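**Student:** Got a file for you: model.tsv, TSV, C-alpha atoms and all ligand atoms.
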chain	number	residue	atom	x	y	z
M	1	MET	CA	129.98	101.69	79.93
M	2	ASP	CA	126.28	102.41	79.48
M	3	MET	CA	124.28	99.74	81.34
M	4	GLY	CA	122.29	99.14	78.15
M	5	ASP	CA	125.49	97.98	76.42
M	6	LEU	CA	125.67	95.06	78.79
M	7	ALA	CA	122.69	93.51	77.04
M	8	ALA	CA	123.82	94.42	73.53
M	9	SER	CA	124.24	90.96	72.02
M	10	LEU	CA	121.09	88.88	71.71
M	11	ASP	CA	121.26	85.25	72.78
M	12	THR	CA	118.41	82.83	72.20
M	13	SER	CA	119.48	79.68	73.98
M	14	VAL	CA	119.22	78.89	77.66
M	15	ALA	CA	122.88	77.87	77.76
M	16	GLY	CA	123.90	81.12	76.09
M	17	ILE	CA	121.81	83.23	78.46
M	18	ALA	CA	123.16	81.29	81.44
M	19	ALA	CA	126.70	81.98	80.25
M	20	LYS	CA	125.87	85.65	79.94
M	21	ILE	CA	124.43	85.80	83.46
M	22	SER	CA	127.40	83.95	84.91
M	23	GLN	CA	129.62	86.69	83.46
M	24	GLY	CA	127.59	89.32	85.28
M	25	LEU	CA	125.87	90.52	82.12
M	26	ARG	CA	122.19	91.37	81.82
M	27	ILE	CA	119.59	90.09	79.40
M	28	GLY	CA	117.73	92.35	76.99
M	29	ARG	CA	114.05	92.59	76.22
M	30	ASP	CA	114.23	90.22	73.25
M	31	GLU	CA	115.92	87.60	75.40
M	32	ALA	CA	113.30	88.05	78.10
M	33	ARG	CA	110.58	87.50	75.50
M	34	TRP	CA	112.41	84.44	74.22
M	35	LEU	CA	112.77	83.00	77.71
M	36	TRP	CA	109.11	83.54	78.53
M	37	THR	CA	108.06	81.80	75.34
M	38	ASN	CA	110.60	78.99	75.19
M	39	ALA	CA	112.30	78.20	78.51
M	40	SER	CA	110.95	75.45	80.77
M	41	ASP	CA	109.99	76.25	84.35
M	42	ALA	CA	113.09	74.40	85.56
M	43	GLU	CA	115.26	76.54	83.31
M	44	MET	CA	113.58	79.73	84.53
M	45	ARG	CA	114.18	78.68	88.15
M	46	SER	CA	117.80	77.91	87.44
M	47	LEU	CA	118.51	81.24	85.72
M	48	ALA	CA	116.64	83.16	88.43
M	49	ALA	CA	118.71	81.38	91.08
M	50	MET	CA	121.89	82.56	89.38
M	51	VAL	CA	120.88	86.22	89.62
M	52	ARG	CA	119.47	85.73	93.12
M	53	GLY	CA	122.83	84.36	94.17
M	54	ARG	CA	124.47	87.70	93.44
M	55	PHE	CA	122.46	89.25	96.26
M	56	HIS	CA	121.43	86.49	98.67
M	57	GLU	CA	122.75	83.31	100.18
M	58	PRO	CA	121.07	80.15	98.89
M	59	GLY	CA	118.35	79.06	101.32
M	60	SER	CA	118.07	82.47	102.95
M	61	CYS	CA	114.93	84.58	102.83
M	62	THR	CA	113.37	87.36	104.86
M	63	TYR	CA	109.83	88.30	105.81
M	64	MET	CA	107.85	90.95	107.64
M	65	VAL	CA	104.51	90.96	109.42
M	66	MET	CA	102.68	93.96	108.05
M	67	ARG	CA	99.33	95.63	107.84
M	68	ILE	CA	97.97	97.77	105.06
M	69	ILE	CA	95.94	100.57	106.57
M	70	ASN	CA	93.26	101.79	104.21
M	71	TYR	CA	92.75	105.20	105.79
M	72	THR	CA	90.06	106.25	103.32
M	73	ASN	CA	88.12	104.48	100.57
M	74	VAL	CA	86.91	107.71	98.97
M	75	CYS	CA	88.48	108.08	95.56
M	76	VAL	CA	87.85	109.97	92.34
M	77	ALA	CA	90.27	108.00	90.15
M	78	GLN	CA	87.66	105.39	89.10
M	79	CYS	CA	90.09	102.68	87.99
M	80	ASP	CA	87.98	99.99	86.36
M	81	TYR	CA	89.90	97.18	88.13
M	82	CYS	CA	89.14	98.48	91.63
M	83	ALA	CA	86.49	97.00	93.94
M	84	PHE	CA	87.47	99.21	96.87
M	85	TYR	CA	86.59	102.80	96.18
M	86	LYS	CA	83.51	104.94	96.82
M	87	LEU	CA	82.95	108.21	95.02
M	88	PRO	CA	82.72	111.28	97.31
M	89	ALA	CA	78.91	111.43	97.27
M	90	GLN	CA	78.39	107.67	97.59
M	91	ASP	CA	77.22	105.86	100.74
M	92	GLY	CA	79.88	103.81	102.50
M	93	GLY	CA	82.78	106.23	102.18
M	94	TYR	CA	84.98	106.64	105.24
M	95	VAL	CA	88.09	108.35	106.62
M	96	LEU	CA	89.85	106.82	109.63
M	97	SER	CA	90.48	108.95	112.71
M	98	HIS	CA	93.87	109.03	114.41
M	99	ASP	CA	92.51	106.80	117.17
M	100	GLU	CA	91.28	104.23	114.66
M	101	VAL	CA	94.72	104.22	113.00
M	102	PHE	CA	96.45	103.88	116.39
M	103	ALA	CA	94.21	100.92	117.27
M	104	LYS	CA	95.25	99.17	114.06
M	105	LEU	CA	98.93	99.89	114.73
M	106	ASP	CA	98.64	98.63	118.31
M	107	GLU	CA	97.10	95.42	117.04
M	108	LEU	CA	99.90	95.06	114.47
M	109	LEU	CA	102.52	95.34	117.21
M	110	ALA	CA	100.62	92.85	119.36
M	111	LEU	CA	100.71	90.35	116.48
M	112	GLY	CA	104.49	90.73	116.19
M	113	GLY	CA	104.54	93.06	113.18
M	114	ASP	CA	106.27	96.38	112.81
M	115	LEU	CA	105.45	97.62	109.31
M	116	ALA	CA	102.32	99.47	108.23
M	117	ALA	CA	101.57	100.63	104.72
M	118	PHE	CA	99.04	103.38	104.15
M	119	ASN	CA	96.91	102.98	101.07
M	120	GLY	CA	93.71	104.87	100.41
M	121	GLY	CA	92.20	106.78	97.52
M	122	PHE	CA	92.30	110.12	95.78
M	123	ASN	CA	90.07	111.78	98.36
M	124	PRO	CA	89.38	115.44	97.47
M	125	HIS	CA	88.22	116.17	101.03
M	126	LEU	CA	91.59	115.39	102.62
M	127	PRO	CA	94.04	118.30	102.68
M	128	LEU	CA	97.80	117.91	103.02
M	129	SER	CA	97.44	118.74	106.71
M	130	TYR	CA	95.46	115.51	107.28
M	131	TYR	CA	98.42	113.47	106.11
M	132	CYS	CA	101.12	115.55	107.82
M	133	GLU	CA	99.29	115.51	111.15
M	134	LEU	CA	98.58	111.78	110.93
M	135	PHE	CA	102.16	110.80	110.08
M	136	ALA	CA	103.66	113.18	112.65
M	137	ALA	CA	101.34	111.74	115.31
M	138	ILE	CA	102.39	108.19	114.43
M	139	ARG	CA	106.08	109.05	114.60
M	140	ALA	CA	105.57	110.84	117.93
M	141	ARG	CA	103.63	107.93	119.43
M	142	TYR	CA	105.67	104.99	118.14
M	143	GLY	CA	109.10	106.41	117.34
M	144	ASP	CA	111.17	103.65	115.73
M	145	ALA	CA	109.13	100.82	117.23
M	146	LEU	CA	107.46	100.50	113.87
M	147	GLU	CA	107.99	101.80	110.37
M	148	PHE	CA	105.36	102.90	107.90
M	149	TYR	CA	105.08	103.21	104.17
M	150	ALA	CA	103.26	106.51	103.87
M	151	LEU	CA	101.12	106.43	100.75
M	152	THR	CA	101.73	105.03	97.32
M	153	ILE	CA	103.23	107.19	94.60
M	154	ALA	CA	99.82	107.50	92.94
M	155	GLU	CA	98.28	108.96	96.12
M	156	PHE	CA	101.33	111.15	96.65
M	157	MET	CA	100.88	112.65	93.18
M	158	TYR	CA	97.22	113.40	93.77
M	159	LEU	CA	98.01	114.88	97.17
M	160	ALA	CA	100.69	117.17	95.70
M	161	ASP	CA	98.44	118.32	92.86
M	162	HIS	CA	95.51	118.87	95.19
M	163	ALA	CA	97.72	121.01	97.48
M	164	ARG	CA	99.15	122.85	94.43
M	165	LEU	CA	102.67	121.80	95.36
M	166	SER	CA	105.44	120.44	93.19
M	167	TYR	CA	106.38	116.82	93.85
M	168	ALA	CA	109.61	118.07	95.43
M	169	GLU	CA	107.73	120.40	97.78
M	170	ALA	CA	105.20	117.74	98.74
M	171	ALA	CA	107.97	115.23	99.43
M	172	GLU	CA	109.74	117.73	101.69
M	173	ARG	CA	106.54	118.47	103.61
M	174	LEU	CA	105.90	114.78	104.23
M	175	LYS	CA	109.52	114.20	105.19
M	176	GLY	CA	109.19	116.99	107.73
M	177	SER	CA	106.28	115.06	109.25
M	178	GLY	CA	108.36	111.99	109.93
M	179	VAL	CA	107.80	110.14	106.66
M	180	ARG	CA	110.70	107.96	105.44
M	181	TRP	CA	109.09	105.80	102.77
M	182	ILE	CA	106.68	106.33	99.88
M	183	THR	CA	106.25	103.08	97.98
M	184	GLY	CA	105.95	102.47	94.28
M	185	GLY	CA	102.30	101.39	94.59
M	186	GLY	CA	99.82	102.50	91.97
M	187	SER	CA	102.07	101.38	89.14
M	188	GLU	CA	100.06	98.33	88.06
M	189	ILE	CA	101.33	98.09	84.45
M	190	LEU	CA	103.61	100.96	83.49
M	191	THR	CA	102.57	101.59	79.91
M	192	GLU	CA	100.63	104.61	78.73
M	193	GLU	CA	98.26	102.32	76.79
M	194	PHE	CA	97.35	100.28	79.86
M	195	ARG	CA	96.64	103.43	81.85
M	196	ALA	CA	94.50	104.88	79.06
M	197	ARG	CA	92.47	101.65	79.01
M	198	HIS	CA	91.94	101.25	82.73
M	199	SER	CA	92.92	104.24	84.87
M	200	LYS	CA	93.02	107.40	82.84
M	201	PHE	CA	92.77	109.61	85.94
M	202	LYS	CA	95.72	107.92	87.63
M	203	TYR	CA	98.57	109.82	85.97
M	204	THR	CA	100.80	108.88	83.08
M	205	VAL	CA	103.88	106.69	83.32
M	206	ALA	CA	106.09	109.72	82.64
M	207	GLU	CA	104.49	111.58	85.56
M	208	TYR	CA	104.83	108.52	87.79
M	209	PHE	CA	108.59	108.43	87.32
M	210	LEU	CA	108.91	112.20	87.75
M	211	ALA	CA	107.19	111.90	91.12
M	212	GLN	CA	109.32	108.93	92.14
M	213	ARG	CA	112.49	110.79	91.24
M	214	ALA	CA	111.38	113.75	93.39
M	215	ILE	CA	110.72	111.35	96.27
M	216	VAL	CA	114.20	109.88	96.00
M	217	GLU	CA	115.85	113.28	95.65
M	218	ALA	CA	114.09	114.42	98.81
M	219	GLY	CA	115.94	111.61	100.60
M	220	LEU	CA	112.90	109.36	101.02
M	221	LYS	CA	113.07	105.64	100.32
M	222	THR	CA	110.95	103.94	97.73
M	223	THR	CA	110.20	100.63	96.03
M	224	ALA	CA	109.08	99.25	92.69
M	225	THR	CA	105.84	97.35	92.22
M	226	MET	CA	103.83	95.66	89.48
M	227	VAL	CA	100.47	93.96	89.22
M	228	ILE	CA	99.81	91.33	86.56
M	229	GLY	CA	96.75	89.40	85.45
M	230	PHE	CA	94.53	92.10	83.95
M	231	ASP	CA	94.42	92.11	80.15
M	232	GLU	CA	98.01	93.23	79.67
M	233	SER	CA	100.04	91.75	76.85
M	234	LEU	CA	103.48	90.17	77.18
M	235	GLU	CA	104.89	93.27	75.47
M	236	GLU	CA	103.31	95.48	78.13
M	237	ARG	CA	104.81	93.37	80.90
M	238	LEU	CA	108.21	93.61	79.24
M	239	GLU	CA	107.86	97.37	78.83
M	240	HIS	CA	107.12	97.65	82.56
M	241	LEU	CA	110.27	95.70	83.37
M	242	GLU	CA	112.37	97.71	80.96
M	243	ARG	CA	111.19	101.11	82.18
M	244	THR	CA	111.70	100.10	85.80
M	245	ARG	CA	115.21	98.79	85.18
M	246	GLN	CA	116.14	101.91	83.21
M	247	PHE	CA	114.81	104.11	85.99
M	248	GLN	CA	116.86	102.21	88.56
M	249	ASP	CA	119.94	102.58	86.35
M	250	GLN	CA	119.34	106.33	86.27
M	251	LEU	CA	118.88	106.52	90.05
M	252	LEU	CA	122.02	104.54	90.76
M	253	SER	CA	124.00	106.52	88.23
M	254	SER	CA	122.86	109.90	89.61
M	255	ASN	CA	123.73	108.55	93.05
M	256	ASP	CA	127.27	107.99	91.85
M	257	GLN	CA	127.57	111.33	90.09
M	258	THR	CA	125.86	113.83	92.38
M	259	GLY	CA	125.47	112.13	95.70
M	260	LYS	CA	121.94	113.57	95.71
M	261	ASN	CA	120.26	110.21	95.90
M	262	GLN	CA	121.76	108.41	98.86
M	263	THR	CA	118.90	105.96	99.25
M	264	GLY	CA	120.16	103.21	96.93
M	265	GLY	CA	117.31	103.78	94.49
M	266	LEU	CA	114.53	101.20	94.38
M	267	ALA	CA	114.97	99.09	97.50
M	268	SER	CA	112.85	96.21	96.30
M	269	PHE	CA	110.45	94.98	93.65
M	270	LEU	CA	107.10	93.45	94.57
M	271	CYS	CA	104.75	91.90	92.04
M	272	TRP	CA	101.28	90.71	92.94
M	273	THR	CA	98.30	89.45	90.96
M	274	PHE	CA	95.04	91.14	90.10
M	275	LYS	CA	91.99	89.93	91.99
M	276	PRO	CA	89.01	90.37	89.65
M	277	TYR	CA	86.03	89.70	91.92
M	278	PHE	CA	83.44	92.53	92.25
M	279	THR	CA	85.47	94.74	89.87
M	280	GLN	CA	84.11	96.49	86.81
M	281	ILE	CA	86.41	94.68	84.38
M	282	GLY	CA	86.03	91.27	86.02
M	283	GLY	CA	87.86	88.39	84.36
M	284	ILE	CA	89.51	85.33	85.88
M	285	GLU	CA	92.68	85.08	87.95
M	286	ILE	CA	95.90	83.98	86.33
M	287	SER	CA	97.37	80.73	87.62
M	288	THR	CA	99.99	80.54	90.35
M	289	ALA	CA	102.24	78.81	87.81
M	290	GLU	CA	102.11	81.88	85.57
M	291	TYR	CA	102.81	84.17	88.52
M	292	LEU	CA	105.84	82.13	89.58
M	293	ARG	CA	107.23	82.09	86.08
M	294	HIS	CA	106.81	85.86	85.91
M	295	LEU	CA	108.66	86.25	89.22
M	296	ALA	CA	111.57	84.32	87.76
M	297	LEU	CA	111.62	86.54	84.69
M	298	CYS	CA	111.65	89.63	86.94
M	299	ARG	CA	114.54	88.25	89.01
M	300	ILE	CA	116.52	87.52	85.87
M	301	TYR	CA	115.77	90.95	84.38
M	302	PHE	CA	116.32	93.13	87.45
M	303	ASP	CA	120.03	92.73	87.90
M	304	ASN	CA	120.06	96.15	89.59
M	305	ILE	CA	117.39	95.62	92.27
M	306	PRO	CA	118.58	93.56	95.23
M	307	ARG	CA	115.30	92.37	96.69
M	308	ILE	CA	112.49	90.57	94.84
M	309	ARG	CA	109.37	90.06	96.92
M	310	THR	CA	106.65	87.45	96.48
M	311	SER	CA	103.01	88.15	97.33
M	312	VAL	CA	101.43	86.09	100.10
M	313	LEU	CA	98.56	88.59	100.05
M	314	THR	CA	97.36	87.48	96.61
M	315	GLN	CA	98.88	83.97	96.32
M	316	ASN	CA	98.63	82.82	99.94
M	317	GLN	CA	101.03	80.10	101.04
M	318	ARG	CA	101.90	79.14	97.47
M	319	ALA	CA	103.60	82.52	97.06
M	320	LEU	CA	106.51	80.98	98.95
M	321	GLU	CA	107.20	78.72	96.00
M	322	GLY	CA	108.41	82.00	94.50
M	323	LEU	CA	111.52	81.61	96.67
M	324	ASN	CA	112.55	78.93	94.19
M	325	TYR	CA	111.81	81.31	91.32
M	326	GLY	CA	114.19	84.06	92.42
M	327	ALA	CA	112.25	85.81	95.18
M	328	ASP	CA	113.93	86.33	98.56
M	329	ASP	CA	111.42	88.24	100.69
M	330	PHE	CA	107.70	88.32	101.55
M	331	ASP	CA	105.11	89.91	103.82
M	332	LEU	CA	102.77	88.12	106.15
M	333	PRO	CA	99.84	90.54	105.84
M	334	ILE	CA	97.17	90.93	108.49
M	335	GLU	CA	94.85	93.27	106.57
M	336	ASP	CA	94.34	94.90	103.19
M	337	GLU	CA	90.80	95.95	102.39
M	338	VAL	CA	91.65	96.80	98.76
M	339	THR	CA	92.57	93.27	97.73
M	340	GLN	CA	90.24	91.60	100.23
M	341	LYS	CA	87.28	93.42	98.64
M	342	ALA	CA	88.36	91.92	95.31
M	343	GLY	CA	88.71	88.37	96.63
M	344	ALA	CA	92.01	88.09	98.53
M	345	THR	CA	91.97	85.99	101.71
M	346	ILE	CA	94.33	86.42	104.66
M	347	SER	CA	95.55	83.83	107.18
M	348	LEU	CA	97.00	84.77	110.56
M	349	ASP	CA	98.48	81.28	110.98
M	350	PHE	CA	101.99	82.63	110.44
M	351	GLU	CA	103.76	79.49	111.65
M	352	ARG	CA	102.02	77.33	109.06
M	353	ILE	CA	103.11	79.71	106.30
M	354	LEU	CA	106.67	79.96	107.62
M	355	ASN	CA	106.84	76.19	107.91
M	356	TYR	CA	106.00	75.94	104.24
M	357	ALA	CA	109.07	78.07	103.49
M	358	ARG	CA	111.13	75.67	105.62
M	359	GLU	CA	109.68	72.66	103.78
M	360	LEU	CA	110.86	74.29	100.56
M	361	GLY	CA	114.38	74.52	101.96
M	362	PHE	CA	114.47	78.13	103.15
M	363	GLU	CA	115.12	79.57	106.58
M	364	PRO	CA	112.97	82.69	106.99
M	365	GLU	CA	114.45	85.53	109.01
M	366	TYR	CA	112.39	88.48	110.24
M	367	ARG	CA	113.34	91.72	108.49
M	368	HIS	CA	112.98	95.00	110.35
M	369	VAL	CA	112.48	97.83	107.86
M	370	SER	CA	113.07	100.37	110.61
M	371	LEU	CA	116.61	99.01	111.04
M	372	GLY	CA	117.37	99.28	107.33
M	373	GLN	CA	118.28	95.57	107.19
M	374	GLN	CA	120.20	94.83	103.97
M	375	PRO	CA	120.31	91.56	102.02
M	376	ARG	CA	123.11	89.19	103.00
M	377	ARG	CA	125.37	88.58	100.02
M	378	ALA	CA	126.49	85.08	99.17
M	379	ASP	CA	130.11	86.20	99.28
M	380	GLU	CA	129.82	87.83	102.73
M	381	SER	CA	130.69	85.92	105.85
A	401	LIG	S1	92.90	101.55	92.58
A	401	LIG	FE1	93.36	103.24	93.99
A	401	LIG	S2	93.34	105.06	92.69
A	401	LIG	FE2	92.23	103.44	91.54
A	401	LIG	S3	90.07	103.69	92.10
A	401	LIG	FE3	90.95	102.20	93.53
A	401	LIG	S4	91.52	103.41	95.31
A	401	LIG	FE4	91.27	104.84	93.60
Could you write out this file's structure as structure tokens?
**Tutor:**
Amino acid sequence: MDMGDLAASLDTSVAGIAAKISQGLRIGRDEARWLWTNASDAEMRSLAAMVRGRFHEPGSCTYMVMRIINYTNVCVAQCDYCAFYKLPAQDGGYVLSHDEVFAKLDELLALGGDLAAFNGGFNPHLPLSYYCELFAAIRARYGDALEFYALTIAEFMYLADHARLSYAEAAERLKGSGVRWITGGGSEILTEEFRARHSKFKYTVAEYFLAQRAIVEAGLKTTATMVIGFDESLEERLEHLERTRQFQDQLLSSNDQTGKNQTGGLASFLCWTFKPYFTQIGGIEISTAEYLRHLALCRIYFDNIPRIRTSVLTQNQRALEGLNYGADDFDLPIEDEVTQKAGATISLDFERILNYARELGFEPEYRHVSLGQQPRRADES
């Protein structure tokens, strides 16, 4: 059966949608719109918990201590929501040396973390060799003591184009340098209209998914992401969810049929909120209540993605309330210049944050990405 058929009949009552979910069926876009508009927060939490329960034990959650390493702030993409970048000729641009990256990784390990995520800009002065040498040096120095998310898909696409390589060739070159992960960052809102409004040099949605497919087919792991709170409409949010779920269906189906994609498709979905301070488009932040409700909708909609992550980076401790809205995993970040430049604040008081999860009834367990730790299913002993 086509996965789309599972959502064929439209139901517009919470009881009807709950019955559908309890039968293992998925909701469609019209039902998602109806839920967003009509369901109470308690009803959203309850439905999200039902889908969460397919993948995770009640009360369980996982976390990582991680650092985003902004290896360069030079970027030619000029997204109007970004407070981080410098154009190539502007004062204040930088590129980190290997030693500066190592110092950040050493500090991460000292703080108990073991995941780094590289996120910079579209820097025309950095050749492919910069990336390959950096990632190979990290793998040689740290082995499996830490894992790293090398680049976002958006940076990967620019890097491939700049080196005049296909996405498949670029993915192979990075894999040969020790890379295992390229995350789904740079997605923001996956509609062509949103990208035309705000980031017209940051590739189309169609190109984004082509690149992500090439990454998966090269045997690299990847994730799905989303950022809300710009000027996107509800329809644009729903389109993002729909395109992501369809893409995951395709990945899982090609995995079954060809065995080419052995990575399990999108390993997780992370949504965070736009920080508007010092950006060109400005605006005001959406409320935590709206973010939590959106998390629940994502959990309900993504019946094919096991892990839903909540964003401590942009919601601080209150992000953990997302565990009651369907999320099951979170980072404790120690640095991210991109969001910090736009107003995000970071706390290194990890125990206080973890205690908040415990107060909410969850027992956080450290998740080691390097060990490929999988979610614990409710029906597993
Ligand atoms: S969001 Fe990323 S791609 Fe866009 S301008 Fe900022 S650094 Fe460049």
**Student:** Mind giving me the straight-line distance from CA of Leu238 in chain M to CA of Asp303 in chain M in Å, one decimal?
**Tutor:**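 Separation of CA of Leu238 in chain M and CA of Asp303 in chain M: 14.7 Å.
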**Student:** Find the smallest box with edges along x, y and z containing every listed atom of ligand LIG 401 (chain A), then add 4 Å on each side and report centre and edge lengths in Å to one decimal, as JSON.
**Tutor:**
{"center_x": 91.7, "center_y": 103.3, "center_z": 93.4, "size_x": 11.3, "size_y": 11.5, "size_z": 11.8}
**Student:** Which residues of range 5-104 of chain M come within 10 Å of range 136-158 of chain M, and what is each one's closest atom pair and distance in Å (one decimal), counting only C-alpha atoms, sorted by chain and residue number, as JSON lines?
**Tutor:**
{"residue": "M:Met66", "atom": "CA", "partner": "M:Phe148", "partner_atom": "CA", "distance": 9.3}
{"residue": "M:Arg67", "atom": "CA", "partner": "M:Phe148", "partner_atom": "CA", "distance": 9.4}
{"residue": "M:Ile68", "atom": "CA", "partner": "M:Tyr149", "partner_atom": "CA", "distance": 9.0}
{"residue": "M:Ile69", "atom": "CA", "partner": "M:Leu151", "partner_atom": "CA", "distance": 9.7}
{"residue": "M:Asn70", "atom": "CA", "partner": "M:Leu151", "partner_atom": "CA", "distance": 9.8}
{"residue": "M:Tyr71", "atom": "CA", "partner": "M:Leu151", "partner_atom": "CA", "distance": 9.8}
{"residue": "M:Cys75", "atom": "CA", "partner": "M:Glu155", "partner_atom": "CA", "distance": 9.9}
{"residue": "M:Ala77", "atom": "CA", "partner": "M:Tyr158", "partner_atom": "CA", "distance": 9.5}
{"residue": "M:His98", "atom": "CA", "partner": "M:Ala137", "partner_atom": "CA", "distance": 8.0}
{"residue": "M:Val101", "atom": "CA", "partner": "M:Ile138", "partner_atom": "CA", "distance": 8.8}
{"residue": "M:Phe102", "atom": "CA", "partner": "M:Ile138", "partner_atom": "CA", "distance": 7.6}
**Student:** Where does chain M meet ligand LIG 401 (chain A) within 6 Å, residue by residue, with the nearest atom pair and distance in Å to one decimal for each, counting only C-alpha atoms and all ligand atoms, listed by chain and rising number, as CSV?
**Tutor:**
residue,atom,partner,partner_atom,distance
M:Cys75,CA,A:LIG401,FE4,4.7
M:Ala77,CA,A:LIG401,S3,4.7
M:Gln78,CA,A:LIG401,S3,4.2
M:Cys79,CA,A:LIG401,FE2,4.2
M:Cys82,CA,A:LIG401,FE3,4.6
M:Phe84,CA,A:LIG401,FE3,5.7
M:Tyr85,CA,A:LIG401,S4,5.0
M:Gly120,CA,A:LIG401,S4,5.7
M:Gly121,CA,A:LIG401,S4,4.1
M:Phe122,CA,A:LIG401,FE4,5.8
**Student:** When distances are computed from all atoms listed in the file, which of M:Val227, M:Leu348, M:Ala171, M:Val74 shows the smallest separation from Gly113 in chain M?
**Tutor:**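 Nearest candidate to Gly113 in chain M out of M:Val227, M:Leu348, M:Ala171, M:Val74: M:Leu348.
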**Student:** With distances taken over all atoms listed in the file, which residue among M:Ser199, M:Ser311, M:Gln248, M:Asn355 lies nearest Thr339 in chain M?
**Tutor:**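 Selected residue with least distance to Thr339 in chain M: M:Ser311.
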**Student:** I want to know what sits within 10 Å of Ala267 in chain M, based on all atoms listed in the file, with residues of the same chain fewer than 2 positions away left out; could you give that as an NGL selection string?
**Tutor:** :M and (183 or 221-224 or 248 or 263-265 or 269 or 304-308 or 374)
**Student:** Let's have the selection written as a short mmCIF file (atom, residue, chain, number, x, y, z; two decimals), in the coordinates of the input, with C-alpha atoms.
**Tutor:**
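result-v1.cif, freshly written:
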data_model
loop_
_atom_site.label_atom_id
_atom_site.label_comp_id
_atom_site.auth_asym_id
_atom_site.auth_seq_id
_atom_site.Cartn_x
_atom_site.Cartn_y
_atom_site.Cartn_z
CA THR M 183 106.25 103.08 97.98
CA LYS M 221 113.07 105.64 100.32
CA THR M 222 110.95 103.94 97.73
CA THR M 223 110.20 100.63 96.03
CA ALA M 224 109.08 99.25 92.69
CA GLN M 248 116.86 102.21 88.56
CA THR M 263 118.90 105.96 99.25
CA GLY M 264 120.16 103.21 96.93
CA GLY M 265 117.31 103.78 94.49
CA PHE M 269 110.45 94.98 93.65
CA ASN M 304 120.06 96.15 89.59
CA ILE M 305 117.39 95.62 92.27
CA PRO M 306 118.58 93.56 95.23
CA ARG M 307 115.30 92.37 96.69
CA ILE M 308 112.49 90.57 94.84
CA GLN M 374 120.20 94.83 103.97
#
**Student:** Tell me which of M:Ser254, M:Ala103, M:Cys132, M:Ile228 sits closest to Ala170 in chain M, counting all atoms listed in the file.
**Tutor:**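 Closest residue, counting all atoms listed in the file: M:Cys132.
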**Student:** One number please: CA of Met50 in chain M to CA of Leu252 in chain M, in Å, one decimal.
**Tutor:** 22.0 Å
**Student:** So the first atom is CA of Glu172 in chain M and the second is CA of Ala218 in chain M; what is the distance between them in Å, to one decimal place?
**Tutor:**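 We find that CA of Glu172 in chain M and CA of Ala218 in chain M lie 6.2 Å from each other.
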**Student:** Determine the nearest neighbour of Val65 in chain M from the options M:Gly343, M:Ala110, M:Ser287, M:Asp91, counting all atoms listed in the file.
**Tutor:**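 Going through M:Gly343, M:Ala110, M:Ser287, M:Asp91 one by one, the smallest distance to Val65 in chain M is for M:Ala110.
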**Student:** Counting all atoms listed in the file, figure out which residue out of M:Tyr325, M:Phe194, M:Tyr277, M:Phe135 gets nearest to Glu236 in chain M.
**Tutor:**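 Under the stated criterion, the closest residue is M:Phe194.
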